[in-house]
Amino acid sequence: MSLPRRDIKHIFQKLRDGLVPERGLDTFATGIEKDRAELHRQLELVADGEGLTKFLRGGYGCGKTFVSRLTVLDAQDRGFATSFVVVSDNDLHFHRFDDVYRKVISELSTSTCPRGALGDIIDRWIGKVEDALIDAGADEDAEDFDAKVRARIEEELLSRASGLPDDFVRVIQTIFELKQKGDLSNAGALLSWLAGSGNVAASAKRLAAVKGDITSKVAMSYLHGILVMTKMAGYKGMVIVIDEAETILRMRKDVRAKSMNGIRQICDMSGSYHGLLWMFTGTKEFFDSRRGVAGLEPLHDRIKFIENGGFSSRRQPQLNLSPFKEKRLYEVALKLRDMYVKSLRQNPPAPGDASTPEEWEAALERLTNLVSDEYIRMLVSYVTAGFKGDVGVVPRHFLRELIVTLDSVEEYPDYDPTEQLMAKGYKPDARAAAEASGELPNDDEDDSLMAPEAVW
């Protein structure tokens with residue numbers, strides 16, 4: 001698979017920063033073929049009209065974020081709109097669904113629009129409405145054509161999504177009318193309101209006869225409207241990833257309970273949202289402790305993880321991701337090393353730069369020789385020392401070390417990575433070790449069950 005240079009630069013910069021890249025993951029994905037096949041099966045079901053939830057479970061560093069981001073890219077390649085949301089205890093309170101809605105819509109993406117795709121989706125759908133009217137014989141230059149479009153917008157929305165708030169339809173119609181008049185400022189303000197913003201001027205809202213903001217009580221209905229409109233715009237459906245759900249465990253006991261109930265309500269309602277896949281990622285602590293899913297019996301009973309003799313079906317609600325092993329880490333490193341060298345070879349210095357073509361080739365050969373297969377084996381061994389080959393939380397630290405090594409060999413002619421490795425050794429920092437242990441602060445002494453409740 002050949003990547004454009006901008007994607008390769010993106011991959012290595014994200015890895016330098018200890019983050020999962022958002023593009024090009026397919027080029028170095030290793031050892032997840034069966035997990036990926038199961039998620040492709042989920043996408044096929046959703047494309048056929050199912051509404052589903054799927055949970056990725058695993059320890060720190062087993063690749064939950066990587067697999068979920070790769071699933072987002074796979075979904076976009078298959079014609080889905082997607083949204084990738086990271087749970088935060090600062091600006092995302094899962095028991096307030098207006099917060100969740102706002103984050104989901106702000107991260108809405110497609111293969112052609114990497115973020116904030118709501119406006120593009122609306123434009124695509126309205127364009128299809130206009131084309132359908134023209135195909136049926138309407139004159140696009142007639143004075144009443146815009147009125148016909150407005151009427152068809154309402155007709156199509158209400159016929160395909162029962163229970164839509166009246167404000168939803170009016171806002172879509174008003175955005176269309178304002179754009180036709182060239183009033184892009186107010187159209188943009190109403191688009192922001194529809195995306196969940198609470199900072200829209202009252203003067204803009206009056207144009208669509210709406211008051212206040214989208215509340216937690218009605219946010220799910222608005223999401224249903226966005227889903228229906230997305231499908232009418234030509235997309236197969238939507239995939240929403242909620243990453244790092246274990247963050248909920250660090251919240252106050254009452255907030256945790258409400259958040260778990262929010263997830264339960266999503267599971268209960270998911271079947272009626274045809275064409276929508278919710279995917280949550282979380283640690284085993286999140287799923288198995290009474291501070292998490294196991295503390296809310298209705299949710300735990302519904303998505304309980306079943307394992308028999310070390311075997312667990314990937315098709316059950318929770319997909320268990322295996323920890324990295326030395327072999328897998330080694331294979332990933334080889335792919336990244338080769339991608340790094342290939343990228344440099346395809347972009348030699350411009351004429352007049354300090355390096356001659358011969359010097360450049362010699363530098364690339366030196367890079368390959370110093371960051372050799374054997375060196376990578378050595379680096380893997382150092383990183384996994386003390387983990388008995390079970391890499392756990394270490395992959396991001398290892399990959400960052402690998403990229404720094406590649407950079408250093410390229411930048412410094414006298415840099416020898418093997419000498420440096422032998423001199424310092426490599427150990428994960430104390431925080432990584434603490435995370436690997438699965439320890440979490442406990443803000444309450446009892447582990448009693450949570451009470452089921454409706455939180456939005």
# chains A, B, ... in the order shown; residues from 1 in each chain; ligands from 1

$ select_by_dssp --residues "segment 42-124 of chain A" --states "strand (DSSP E or B)" --output "VMD selection string"
chain A and resid 52 to 57 81 to 86 108 to 109

$ residues_around --residues "segment 298-312 of chain A" --least-positions-apart "6" --cutoff "8 Å" --atoms "only C-alpha atoms" --output "ChimeraX atom specification"
/A:260-261,263-264,287,318,320,452

$ write_last_selection --atoms "N, CA and C atoms" --output "tab-separated table (two decimals), in the first residue's frame"
chain	number	residue	atom	x	y	z
A	260	MET	N	-22.82	5.02	33.58
A	260	MET	CA	-23.11	3.63	33.24
A	260	MET	C	-24.55	3.47	32.79
A	261	ASN	N	-25.43	4.18	33.44
A	261	ASN	CA	-26.83	4.13	33.01
A	261	ASN	C	-27.03	4.75	31.64
A	263	ILE	N	-24.81	4.58	29.21
A	263	ILE	CA	-24.38	3.54	28.27
A	263	ILE	C	-25.45	2.47	28.15
A	264	ARG	N	-26.08	2.10	29.30
A	264	ARG	CA	-27.15	1.12	29.26
A	264	ARG	C	-28.30	1.58	28.36
A	287	PHE	N	-14.83	-3.05	32.59
A	287	PHE	CA	-15.91	-3.99	32.33
A	287	PHE	C	-16.20	-4.92	33.51
A	318	GLN	N	-18.53	-8.13	23.76
A	318	GLN	CA	-17.18	-7.65	24.06
A	318	GLN	C	-16.15	-8.41	23.23
A	320	ASN	N	-12.38	-9.17	22.92
A	320	ASN	CA	-11.19	-9.12	23.75
A	320	ASN	C	-9.94	-8.99	22.88
A	452	PRO	N	-30.32	1.11	38.55
A	452	PRO	CA	-30.71	1.52	37.21
A	452	PRO	C	-31.56	2.79	37.26

$ residues_around --residues "Lys64 of chain A" --least-positions-apart "6" --cutoff "12 Å" --atoms "only C-alpha atoms" --output "PyMOL selection string"
chain A and resi 20+32+35-36+55-58+70-71+241-246+279-284+319-324+392-393+395

$ closest_residue --among "A:Ala147, A:Val85, A:Leu25, A:Cys267" --to "Tyr101 of chain A" --atoms "only C-alpha atoms"
A:Val85

$ residues_around --residues "Val371 of chain A" --least-positions-apart "6" --cutoff "8 Å" --atoms "only C-alpha atoms" --output "count of residues only"
4

$ residues_around --residues "segment 216-233 of chain A" --least-positions-apart "2" --cutoff "8 Å" --atoms "only C-alpha atoms" --output "PyMOL selection string"
chain A and resi 81+96-99+101+121-122+124-126+128+157+160-161+163-165+168+214+235-238+273+275-276+456

$ select_by_dssp --residues "segment 131-178 of chain A" --states "helix (DSSP H, G or I)" --output "VMD selection string"
chain A and resid 131 to 135 145 to 160 166 to 178

$ residues_around --residues "segment 372-378 of chain A" --least-positions-apart "6" --cutoff "10 Å" --atoms "only C-alpha atoms" --output "CSV table (one decimal) with C-alpha atoms, in the first residue's frame"
chain,number,residue,atom,x,y,z
A,326,GLU,CA,7.5,-9.6,21.2
A,327,LYS,CA,7.0,-11.1,17.8
A,329,LEU,CA,6.1,-5.7,18.2
A,330,TYR,CA,9.1,-6.7,16.2
A,331,GLU,CA,7.0,-7.0,13.0
A,333,ALA,CA,8.9,-2.1,14.0
A,334,LEU,CA,10.2,-3.7,10.8
A,337,ARG,CA,11.7,1.1,9.7
A,366,ARG,CA,24.0,3.4,7.0
A,402,LEU,CA,12.3,3.5,17.6
A,417,PRO,CA,22.1,3.1,18.3
A,418,THR,CA,23.5,-0.2,19.6
A,421,LEU,CA,21.2,1.0,23.9
A,422,MET,CA,23.9,-0.9,25.6

$ closest_residue --among "A:Leu370, A:Val67, A:Leu52, A:Ile8" --to "Gly31 of chain A" --atoms "only C-alpha atoms"
A:Val67

$ residues_around --residues "Gln42 of chain A" --least-positions-apart "5" --cutoff "10 Å" --atoms "only C-alpha atoms" --output "list in words"
Arg36, Ala37, Ala47, Asp48, Glu50, Gly51, Leu52, Thr53, Lys54, Leu277 and Arg315 of chain A

$ write_last_selection --atoms "N, CA and C atoms" --output "PDB file, in the first residue's frame"
ATOM      1  N   ARG A  36     -10.084  -7.620  13.221  1.00  0.00           N
ATOM      2  CA  ARG A  36     -10.528  -6.699  12.167  1.00  0.00           C
ATOM      3  C   ARG A  36     -11.651  -7.319  11.341  1.00  0.00           C
ATOM      4  N   ALA A  37     -11.560  -8.628  11.093  1.00  0.00           N
ATOM      5  CA  ALA A  37     -12.613  -9.308  10.334  1.00  0.00           C
ATOM      6  C   ALA A  37     -13.942  -9.253  11.078  1.00  0.00           C
ATOM      7  N   ALA A  47     -24.532  -1.762   7.662  1.00  0.00           N
ATOM      8  CA  ALA A  47     -24.844  -1.323   6.298  1.00  0.00           C
ATOM      9  C   ALA A  47     -26.159  -1.923   5.816  1.00  0.00           C
ATOM     10  N   ASP A  48     -26.507  -3.104   6.352  1.00  0.00           N
ATOM     11  CA  ASP A  48     -27.767  -3.755   5.987  1.00  0.00           C
ATOM     12  C   ASP A  48     -28.944  -3.251   6.807  1.00  0.00           C
ATOM     13  N   GLU A  50     -28.933  -2.750  10.432  1.00  0.00           N
ATOM     14  CA  GLU A  50     -28.948  -3.048  11.863  1.00  0.00           C
ATOM     15  C   GLU A  50     -28.450  -1.846  12.663  1.00  0.00           C
ATOM     16  N   GLY A  51     -28.878  -1.775  13.920  1.00  0.00           N
ATOM     17  CA  GLY A  51     -28.326  -0.821  14.871  1.00  0.00           C
ATOM     18  C   GLY A  51     -27.629  -1.598  15.964  1.00  0.00           C
ATOM     19  N   LEU A  52     -26.323  -1.377  16.183  1.00  0.00           N
ATOM     20  CA  LEU A  52     -25.529  -2.259  17.029  1.00  0.00           C
ATOM     21  C   LEU A  52     -24.634  -1.498  17.998  1.00  0.00           C
ATOM     22  N   THR A  53     -24.219  -2.204  19.055  1.00  0.00           N
ATOM     23  CA  THR A  53     -23.166  -1.724  19.940  1.00  0.00           C
ATOM     24  C   THR A  53     -22.098  -2.808  20.024  1.00  0.00           C
ATOM     25  N   LYS A  54     -20.836  -2.392  20.105  1.00  0.00           N
ATOM     26  CA  LYS A  54     -19.712  -3.314  20.225  1.00  0.00           C
ATOM     27  C   LYS A  54     -18.728  -2.724  21.218  1.00  0.00           C
ATOM     28  N   LEU A 277     -23.572   2.168  14.361  1.00  0.00           N
ATOM     29  CA  LEU A 277     -22.746   1.304  15.205  1.00  0.00           C
ATOM     30  C   LEU A 277     -22.070   2.149  16.266  1.00  0.00           C
ATOM     31  N   ARG A 315     -17.530 -12.703  18.397  1.00  0.00           N
ATOM     32  CA  ARG A 315     -18.841 -12.205  17.977  1.00  0.00           C
ATOM     33  C   ARG A 315     -19.724 -11.789  19.139  1.00  0.00           C
TER      34      ARG A 315
END

$ closest_residue --among "A:Phe176, A:Tyr382, A:Phe12, A:Trp360" --to "Gly119 of chain A" --atoms "only C-alpha atoms"
A:Phe176
